[in-house]
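Engineer: My structure file start-v3.cif, mmCIF, N, CA and C atoms, is below:
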data_query
#
loop_
_atom_site.label_atom_id
_atom_site.label_comp_id
_atom_site.auth_asym_id
_atom_site.auth_seq_id
_atom_site.Cartn_x
_atom_site.Cartn_y
_atom_site.Cartn_z
N MET A 222 -181.45 146.06 -17.07
CA MET A 222 -180.60 146.66 -16.07
C MET A 222 -179.66 147.68 -16.69
N LEU A 223 -179.10 147.36 -17.84
CA LEU A 223 -178.18 148.26 -18.52
C LEU A 223 -178.89 149.56 -18.91
N ARG A 224 -180.14 149.43 -19.38
CA ARG A 224 -180.91 150.61 -19.78
C ARG A 224 -181.16 151.52 -18.56
N LYS A 225 -181.47 150.94 -17.42
CA LYS A 225 -181.71 151.70 -16.19
C LYS A 225 -180.42 152.43 -15.76
N HIS A 226 -179.28 151.76 -15.86
CA HIS A 226 -178.00 152.35 -15.49
C HIS A 226 -177.65 153.51 -16.43
N THR A 227 -177.91 153.34 -17.74
CA THR A 227 -177.64 154.38 -18.73
C THR A 227 -178.53 155.60 -18.48
N LEU A 228 -179.80 155.36 -18.16
CA LEU A 228 -180.73 156.45 -17.87
C LEU A 228 -180.27 157.23 -16.63
N LEU A 229 -179.85 156.52 -15.60
CA LEU A 229 -179.38 157.16 -14.38
C LEU A 229 -178.14 158.02 -14.67
N ASN A 230 -177.21 157.50 -15.45
CA ASN A 230 -176.02 158.28 -15.82
C ASN A 230 -176.39 159.51 -16.64
N SER A 231 -177.35 159.39 -17.53
CA SER A 231 -177.80 160.52 -18.33
C SER A 231 -178.41 161.60 -17.45
N LEU A 232 -179.20 161.19 -16.47
CA LEU A 232 -179.81 162.15 -15.55
C LEU A 232 -178.74 162.87 -14.72
N LYS A 233 -177.74 162.10 -14.27
CA LYS A 233 -176.65 162.71 -13.49
C LYS A 233 -175.88 163.71 -14.34
N LEU A 234 -175.60 163.36 -15.59
CA LEU A 234 -174.88 164.24 -16.49
C LEU A 234 -175.68 165.51 -16.76
N THR A 235 -176.98 165.38 -16.98
CA THR A 235 -177.84 166.54 -17.20
C THR A 235 -177.84 167.45 -15.98
N ALA A 236 -177.94 166.88 -14.80
CA ALA A 236 -177.92 167.67 -13.57
C ALA A 236 -176.59 168.40 -13.42
N LEU A 237 -175.50 167.73 -13.75
CA LEU A 237 -174.18 168.34 -13.66
C LEU A 237 -174.05 169.51 -14.64
N ILE A 238 -174.54 169.34 -15.86
CA ILE A 238 -174.48 170.41 -16.85
C ILE A 238 -175.29 171.62 -16.39
N ILE A 239 -176.46 171.39 -15.84
CA ILE A 239 -177.29 172.49 -15.35
C ILE A 239 -176.60 173.19 -14.19
N PHE A 240 -176.00 172.44 -13.27
CA PHE A 240 -175.30 173.03 -12.13
C PHE A 240 -174.11 173.87 -12.58
N VAL A 241 -173.33 173.34 -13.50
CA VAL A 241 -172.15 174.06 -13.98
C VAL A 241 -172.57 175.33 -14.72
N SER A 242 -173.62 175.26 -15.54
CA SER A 242 -174.10 176.43 -16.27
C SER A 242 -174.55 177.51 -15.30
N ALA A 243 -175.31 177.13 -14.30
CA ALA A 243 -175.78 178.10 -13.30
C ALA A 243 -174.62 178.67 -12.52
N SER A 244 -173.66 177.86 -12.17
CA SER A 244 -172.50 178.32 -11.40
C SER A 244 -171.67 179.31 -12.20
N CYS A 245 -171.51 179.08 -13.49
CA CYS A 245 -170.73 180.01 -14.32
C CYS A 245 -171.41 181.36 -14.38
N SER A 246 -172.72 181.37 -14.48
CA SER A 246 -173.44 182.62 -14.54
C SER A 246 -173.34 183.39 -13.23
N ILE A 247 -173.49 182.71 -12.12
CA ILE A 247 -173.45 183.36 -10.82
C ILE A 247 -172.02 183.71 -10.42
N SER A 248 -171.04 182.92 -10.85
CA SER A 248 -169.67 183.14 -10.42
C SER A 248 -169.06 184.43 -10.94
N ALA A 249 -169.70 185.07 -11.89
CA ALA A 249 -169.18 186.34 -12.37
C ALA A 249 -169.24 187.41 -11.29
N GLY A 250 -170.02 187.19 -10.26
CA GLY A 250 -170.08 188.13 -9.14
C GLY A 250 -170.79 189.41 -9.50
N GLU A 251 -170.64 190.39 -8.62
CA GLU A 251 -171.29 191.67 -8.78
C GLU A 251 -170.36 192.64 -9.51
N ALA A 252 -170.95 193.67 -10.07
CA ALA A 252 -170.18 194.68 -10.79
C ALA A 252 -169.62 195.70 -9.80
N ASP A 253 -168.34 195.99 -9.92
CA ASP A 253 -167.65 196.93 -9.03
C ASP A 253 -167.23 198.19 -9.77
N VAL A 254 -167.40 199.34 -9.11
CA VAL A 254 -166.88 200.60 -9.62
C VAL A 254 -165.46 200.74 -9.09
N LEU A 255 -164.50 200.85 -9.99
CA LEU A 255 -163.09 200.95 -9.61
C LEU A 255 -162.57 202.38 -9.58
N GLU A 256 -163.06 203.22 -10.47
CA GLU A 256 -162.53 204.59 -10.55
C GLU A 256 -163.60 205.50 -11.15
N VAL A 257 -163.63 206.75 -10.66
CA VAL A 257 -164.54 207.76 -11.19
C VAL A 257 -163.79 209.07 -11.34
N VAL A 258 -163.94 209.70 -12.50
CA VAL A 258 -163.40 211.04 -12.73
C VAL A 258 -164.58 211.90 -13.16
N ILE A 259 -164.79 213.00 -12.43
CA ILE A 259 -165.90 213.89 -12.76
C ILE A 259 -165.35 215.29 -13.02
N LYS A 260 -165.76 215.86 -14.17
CA LYS A 260 -165.27 217.19 -14.57
C LYS A 260 -166.44 218.04 -15.04
N LYS A 261 -166.40 219.30 -14.68
CA LYS A 261 -167.40 220.24 -15.16
C LYS A 261 -167.09 220.56 -16.62
N THR A 262 -168.11 220.57 -17.47
CA THR A 262 -167.91 220.87 -18.89
C THR A 262 -168.22 222.34 -19.14
N PHE A 263 -167.98 222.79 -20.34
CA PHE A 263 -168.15 224.20 -20.69
C PHE A 263 -169.59 224.68 -20.57
N ASN A 264 -170.56 223.80 -20.68
CA ASN A 264 -171.96 224.22 -20.67
C ASN A 264 -172.64 224.01 -19.31
N GLY A 265 -171.83 223.84 -18.26
CA GLY A 265 -172.38 223.70 -16.92
C GLY A 265 -172.79 222.29 -16.54
N GLN A 266 -172.62 221.36 -17.46
CA GLN A 266 -172.91 219.97 -17.13
C GLN A 266 -171.63 219.30 -16.64
N PHE A 267 -171.74 218.03 -16.30
CA PHE A 267 -170.60 217.28 -15.79
C PHE A 267 -170.40 216.01 -16.60
N ARG A 268 -169.14 215.79 -16.95
CA ARG A 268 -168.77 214.53 -17.62
C ARG A 268 -168.23 213.61 -16.54
N ILE A 269 -168.80 212.42 -16.49
CA ILE A 269 -168.39 211.43 -15.50
C ILE A 269 -167.83 210.22 -16.24
N ASP A 270 -166.54 209.95 -16.03
CA ASP A 270 -165.88 208.76 -16.60
C ASP A 270 -165.80 207.73 -15.49
N THR A 271 -166.40 206.59 -15.72
CA THR A 271 -166.48 205.55 -14.69
C THR A 271 -165.87 204.25 -15.20
N THR A 272 -164.99 203.68 -14.39
CA THR A 272 -164.37 202.39 -14.71
C THR A 272 -165.06 201.31 -13.89
N VAL A 273 -165.55 200.29 -14.59
CA VAL A 273 -166.29 199.18 -13.98
C VAL A 273 -165.55 197.89 -14.24
N LYS A 274 -165.57 197.00 -13.24
CA LYS A 274 -164.99 195.65 -13.37
C LYS A 274 -166.08 194.65 -13.08
N HIS A 275 -166.26 193.72 -14.00
CA HIS A 275 -167.22 192.63 -13.82
C HIS A 275 -166.78 191.49 -14.72
N ASP A 276 -166.81 190.30 -14.22
CA ASP A 276 -166.40 189.14 -15.00
C ASP A 276 -167.55 188.70 -15.92
N ASP A 277 -167.84 189.53 -16.92
CA ASP A 277 -168.92 189.23 -17.85
C ASP A 277 -168.73 187.85 -18.46
N THR A 278 -169.82 187.09 -18.52
CA THR A 278 -169.76 185.75 -19.12
C THR A 278 -170.50 185.70 -20.45
N GLY A 279 -171.05 186.81 -20.88
CA GLY A 279 -171.84 186.85 -22.10
C GLY A 279 -173.17 187.52 -21.82
N TRP A 280 -174.11 187.35 -22.73
CA TRP A 280 -175.39 188.03 -22.63
C TRP A 280 -176.20 187.60 -21.40
N ASP A 281 -175.92 186.43 -20.85
CA ASP A 281 -176.68 185.95 -19.69
C ASP A 281 -176.24 186.58 -18.38
N HIS A 282 -175.03 187.16 -18.33
CA HIS A 282 -174.54 187.78 -17.08
C HIS A 282 -173.46 188.80 -17.43
N TYR A 283 -173.85 190.07 -17.39
CA TYR A 283 -172.89 191.13 -17.69
C TYR A 283 -173.28 192.42 -16.97
N ALA A 284 -172.30 193.31 -16.81
CA ALA A 284 -172.57 194.63 -16.25
C ALA A 284 -173.38 195.40 -17.29
N ASP A 285 -174.61 195.80 -16.92
CA ASP A 285 -175.50 196.39 -17.91
C ASP A 285 -175.79 197.88 -17.71
N ARG A 286 -175.28 198.46 -16.59
CA ARG A 286 -175.42 199.91 -16.43
C ARG A 286 -174.64 200.37 -15.21
N TRP A 287 -174.46 201.69 -15.12
CA TRP A 287 -174.01 202.30 -13.88
C TRP A 287 -174.82 203.56 -13.66
N ASP A 288 -175.02 203.91 -12.38
CA ASP A 288 -175.90 205.00 -11.98
C ASP A 288 -175.13 206.11 -11.27
N VAL A 289 -175.64 207.33 -11.40
CA VAL A 289 -175.19 208.49 -10.64
C VAL A 289 -176.32 208.79 -9.66
N VAL A 290 -176.02 208.71 -8.36
CA VAL A 290 -177.06 208.79 -7.34
C VAL A 290 -176.71 209.87 -6.32
N ALA A 291 -177.66 210.77 -6.04
CA ALA A 291 -177.47 211.75 -4.98
C ALA A 291 -177.45 211.02 -3.64
N LEU A 292 -176.86 211.64 -2.62
CA LEU A 292 -176.74 210.98 -1.32
C LEU A 292 -178.09 210.71 -0.68
N ASP A 293 -179.15 211.40 -1.12
CA ASP A 293 -180.49 211.11 -0.60
C ASP A 293 -181.17 209.94 -1.32
N GLY A 294 -180.46 209.33 -2.28
CA GLY A 294 -180.98 208.17 -3.00
C GLY A 294 -181.61 208.47 -4.35
N THR A 295 -181.71 209.73 -4.70
CA THR A 295 -182.29 210.11 -5.99
C THR A 295 -181.32 209.75 -7.12
N VAL A 296 -181.81 208.99 -8.09
CA VAL A 296 -180.99 208.66 -9.26
C VAL A 296 -181.00 209.86 -10.20
N ILE A 297 -179.82 210.45 -10.42
CA ILE A 297 -179.69 211.62 -11.28
C ILE A 297 -179.56 211.20 -12.74
N GLY A 298 -178.91 210.08 -12.98
CA GLY A 298 -178.75 209.59 -14.34
C GLY A 298 -178.15 208.20 -14.35
N SER A 299 -178.26 207.53 -15.49
CA SER A 299 -177.72 206.18 -15.66
C SER A 299 -177.05 206.07 -17.02
N ARG A 300 -175.97 205.32 -17.04
CA ARG A 300 -175.28 205.00 -18.30
C ARG A 300 -175.60 203.56 -18.62
N ILE A 301 -176.40 203.34 -19.65
CA ILE A 301 -176.77 201.98 -20.06
C ILE A 301 -175.60 201.37 -20.83
N LEU A 302 -175.27 200.14 -20.50
CA LEU A 302 -174.21 199.39 -21.19
C LEU A 302 -174.92 198.35 -22.05
N HIS A 303 -174.84 198.51 -23.35
CA HIS A 303 -175.68 197.76 -24.28
C HIS A 303 -175.19 196.36 -24.65
N HIS A 304 -174.02 195.98 -24.16
CA HIS A 304 -173.50 194.65 -24.51
C HIS A 304 -172.47 194.20 -23.48
N PRO A 305 -172.18 192.91 -23.42
CA PRO A 305 -171.14 192.41 -22.50
C PRO A 305 -169.76 192.90 -22.91
N HIS A 306 -168.88 192.97 -21.93
CA HIS A 306 -167.48 193.37 -22.16
C HIS A 306 -166.56 192.24 -21.70
N GLU A 307 -166.78 191.05 -22.25
CA GLU A 307 -166.02 189.87 -21.84
C GLU A 307 -164.51 190.03 -22.04
N ASN A 308 -164.13 190.68 -23.12
CA ASN A 308 -162.70 190.79 -23.47
C ASN A 308 -162.13 192.18 -23.20
N GLU A 309 -162.85 192.98 -22.44
CA GLU A 309 -162.40 194.34 -22.14
C GLU A 309 -162.68 194.60 -20.65
N GLN A 310 -161.80 194.18 -19.80
CA GLN A 310 -161.99 194.32 -18.34
C GLN A 310 -160.74 194.86 -17.69
N PRO A 311 -160.85 195.81 -16.80
CA PRO A 311 -162.05 196.63 -16.60
C PRO A 311 -162.26 197.55 -17.80
N PHE A 312 -163.41 198.21 -17.85
CA PHE A 312 -163.71 199.10 -18.96
C PHE A 312 -164.22 200.44 -18.42
N THR A 313 -164.03 201.49 -19.20
CA THR A 313 -164.44 202.84 -18.80
C THR A 313 -165.43 203.39 -19.82
N ARG A 314 -166.51 203.96 -19.31
CA ARG A 314 -167.51 204.61 -20.16
C ARG A 314 -167.86 205.95 -19.53
N SER A 315 -168.39 206.86 -20.35
CA SER A 315 -168.69 208.22 -19.91
C SER A 315 -170.16 208.53 -19.98
N LEU A 316 -170.54 209.53 -19.19
CA LEU A 316 -171.91 210.05 -19.19
C LEU A 316 -171.80 211.54 -18.89
N THR A 317 -172.51 212.36 -19.67
CA THR A 317 -172.55 213.79 -19.41
C THR A 317 -173.97 214.15 -19.02
N LEU A 318 -174.11 214.87 -17.89
CA LEU A 318 -175.43 215.22 -17.40
C LEU A 318 -175.37 216.42 -16.48
N ALA A 319 -176.53 217.00 -16.21
CA ALA A 319 -176.64 218.10 -15.27
C ALA A 319 -176.79 217.53 -13.86
N ILE A 320 -176.11 218.17 -12.91
CA ILE A 320 -176.23 217.79 -11.50
C ILE A 320 -176.66 219.04 -10.75
N PRO A 321 -177.75 218.97 -9.99
CA PRO A 321 -178.23 220.15 -9.27
C PRO A 321 -177.13 220.78 -8.40
N ALA A 322 -177.17 222.11 -8.28
CA ALA A 322 -176.13 222.84 -7.55
C ALA A 322 -176.06 222.46 -6.08
N ASP A 323 -177.17 222.01 -5.50
CA ASP A 323 -177.16 221.65 -4.08
C ASP A 323 -176.63 220.23 -3.83
N VAL A 324 -176.32 219.51 -4.89
CA VAL A 324 -175.75 218.16 -4.75
C VAL A 324 -174.23 218.29 -4.82
N THR A 325 -173.57 218.09 -3.69
CA THR A 325 -172.12 218.27 -3.62
C THR A 325 -171.35 216.96 -3.72
N GLN A 326 -172.03 215.84 -3.54
CA GLN A 326 -171.42 214.52 -3.70
C GLN A 326 -172.43 213.59 -4.36
N VAL A 327 -171.91 212.64 -5.11
CA VAL A 327 -172.75 211.60 -5.71
C VAL A 327 -172.11 210.24 -5.48
N THR A 328 -172.95 209.24 -5.47
CA THR A 328 -172.49 207.85 -5.41
C THR A 328 -172.60 207.28 -6.81
N ILE A 329 -171.55 206.60 -7.24
CA ILE A 329 -171.57 205.89 -8.52
C ILE A 329 -171.65 204.41 -8.18
N ARG A 330 -172.67 203.74 -8.72
CA ARG A 330 -172.87 202.32 -8.45
C ARG A 330 -173.10 201.58 -9.76
N ALA A 331 -172.63 200.36 -9.82
CA ALA A 331 -172.78 199.55 -11.04
C ALA A 331 -173.86 198.48 -10.82
N HIS A 332 -174.43 198.02 -11.90
CA HIS A 332 -175.53 197.06 -11.90
C HIS A 332 -175.18 195.95 -12.87
N ASP A 333 -175.51 194.71 -12.51
CA ASP A 333 -175.34 193.63 -13.49
C ASP A 333 -176.65 192.88 -13.67
N SER A 334 -176.73 192.13 -14.74
CA SER A 334 -177.98 191.51 -15.16
C SER A 334 -178.44 190.35 -14.28
N VAL A 335 -177.60 189.86 -13.39
CA VAL A 335 -177.99 188.76 -12.50
C VAL A 335 -178.14 189.24 -11.06
N HIS A 336 -177.10 189.83 -10.51
CA HIS A 336 -177.11 190.24 -9.10
C HIS A 336 -177.75 191.61 -8.89
N GLU A 337 -177.92 192.35 -9.97
CA GLU A 337 -178.40 193.72 -9.93
C GLU A 337 -177.39 194.59 -9.18
N LEU A 338 -177.76 195.25 -8.10
CA LEU A 338 -176.83 196.11 -7.36
C LEU A 338 -176.12 195.31 -6.27
N GLY A 339 -175.05 195.86 -5.73
CA GLY A 339 -174.40 195.19 -4.61
C GLY A 339 -172.90 195.18 -4.64
N GLY A 340 -172.31 195.55 -5.75
CA GLY A 340 -170.86 195.59 -5.84
C GLY A 340 -170.30 196.84 -5.19
N LYS A 341 -168.99 197.05 -5.37
CA LYS A 341 -168.30 198.20 -4.79
C LYS A 341 -168.81 199.49 -5.44
N GLU A 342 -169.14 200.48 -4.60
CA GLU A 342 -169.58 201.79 -5.04
C GLU A 342 -168.52 202.83 -4.68
N MET A 343 -168.63 204.02 -5.29
CA MET A 343 -167.71 205.12 -4.95
C MET A 343 -168.52 206.40 -4.75
N VAL A 344 -168.15 207.15 -3.71
CA VAL A 344 -168.72 208.47 -3.48
C VAL A 344 -167.68 209.49 -3.93
N VAL A 345 -168.10 210.44 -4.78
CA VAL A 345 -167.18 211.44 -5.31
C VAL A 345 -167.76 212.84 -5.13
N ASP A 346 -166.87 213.80 -5.00
CA ASP A 346 -167.28 215.21 -4.90
C ASP A 346 -167.65 215.74 -6.27
N VAL A 347 -168.67 216.59 -6.30
CA VAL A 347 -169.07 217.26 -7.54
C VAL A 347 -168.38 218.62 -7.56
N PRO A 348 -167.56 218.90 -8.57
CA PRO A 348 -166.80 220.17 -8.62
C PRO A 348 -167.62 221.33 -9.17
N HIS A 349 -168.62 221.77 -8.40
CA HIS A 349 -169.48 222.90 -8.85
C HIS A 349 -168.69 224.16 -8.99
#
Written as structure tokens, how would this file's structure read?
Structural biologist:
Amino acid sequence: MLRKHTLLNSLKLTALIIFVSASCSISAGEADVLEVVIKKTFNGQFRIDTTVKHDDTGWDHYADRWDVVALDGTVIGSRILHHPHENEQPFTRSLTLAIPADVTQVTIRAHDSVHELGGKEMVVDVPH
């Protein structure tokens, strides 16, 4: 009887550990874009400084990129984030790229390794 009780407690503990681990990964939520600054550079390209907030928990759940998207849905460029930013929140990263002259606004959206897209996005004017 004692062995059966110990086995049952071990199974409950294992289930609890799995639940807590999954909850921690999911609880980080989606990646949000907080601020965007876009400036035309000397060579006709645009530098985009984007501030992202995400409760990174480590390599299993972190903000892993942000995208520059035309209003028609065309992805113009992406800034890959190569590692978690657990101790640097929010954080700002830059991307320099060409934006077609007929694109007057872009959407900046962030992506995370668990939820993918879905957090707060920002639409900004392109200063052609």
Engineer: For the strand (DSSP E) assignment from backbone DSSP, which residues of segment 235-332 of chain A qualify? Please present them as a PyMOL selection string.
Structural biologist: chain A and resi 253-261+267-274+284-291+296-301+312-318+326-332
Engineer: Between A:Lys341, A:Arg268, A:His303, A:Arg330, which has the minimum distance to Val290 of chain A (counting only N, CA and C atoms)?
Structural biologist: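 Checking each of A:Lys341, A:Arg268, A:His303, A:Arg330 against Val290 of chain A, counting only N, CA and C atoms, the winner is A:Arg330.
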Engineer: Given only N, CA and C atoms, how would the per-residue table for segment 296-334 of chain A near segment 274-281 of chain A read, listing every residue at most 6.5 Å away with its closest atom pair and distance in Å to one decimal, sorted by chain and number, as CSV?
Structural biologist:
residue,atom,partner,partner_atom,distance
A:Pro305,CA,A:Gly279,C,5.3
A:His306,C,A:Asp277,CA,5.4
A:Glu307,CA,A:Asp277,C,4.8
A:Gln310,CA,A:Lys274,CA,6.0
A:Pro311,CA,A:Lys274,CA,4.5
A:Phe312,N,A:Lys274,N,5.2
A:Ser334,C,A:Asp281,C,6.0
Engineer: Would you mind reading off the distance between atom C of Val344 of chain A and atom N of Val273 of chain A, one decimal, in Å?
Structural biologist: 14.2 Å
Engineer: Considering only C-alpha atoms, state which residue in the set A:Gly250, A:Pro321, A:Phe263, A:Asp333 is at the smallest distance from Val296 of chain A.
Structural biologist: A:Pro321
Engineer: Run the PyMOL selection byres (((chain A and resi 288 and name CA) around 8) and name CA) against the file shown and list the residues it catches, as an MDAnalysis selection string.
Structural biologist: chainID A and resid 286:287 289:290 296:300 328:332
Engineer: I want to know what sits within 8 Å of Ile259 of chain A, based on only N, CA and C atoms, with residues of the same chain fewer than 6 positions away left out; could you give that as a list of chain:residue names?
Structural biologist: A:Phe267, A:Arg268, A:Ile269, A:Asp270, A:Thr271, A:Val345, A:Asp346, A:Val347, A:Pro348
Engineer: Rank A:Lys260, A:His282, A:His304, A:Val327 by their smallest atom-to-atom distance to His349 of chain A, using only C-alpha atoms, and report the top residue only.
Structural biologist: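 Looking at the shortest contact to His349 of chain A, the residue is A:Lys260.
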Engineer: Would you place a box with edges along x, y and z of the file around all atoms of segment 316-328 of chain A listed there, add 5 Å to each of its six sides, and report the centre and edge lengths in Å to one decimal, as JSON?
Structural biologist:
{"center_x": -174.4, "center_y": 215.1, "center_z": -11.6, "size_x": 17.7, "size_y": 25.6, "size_z": 26.1}
Engineer: Report, in Å with one decimal, the straight-line distance from atom N of Tyr283 of chain A to atom CA of Arg314 of chain A.
Structural biologist: 16.1 Å
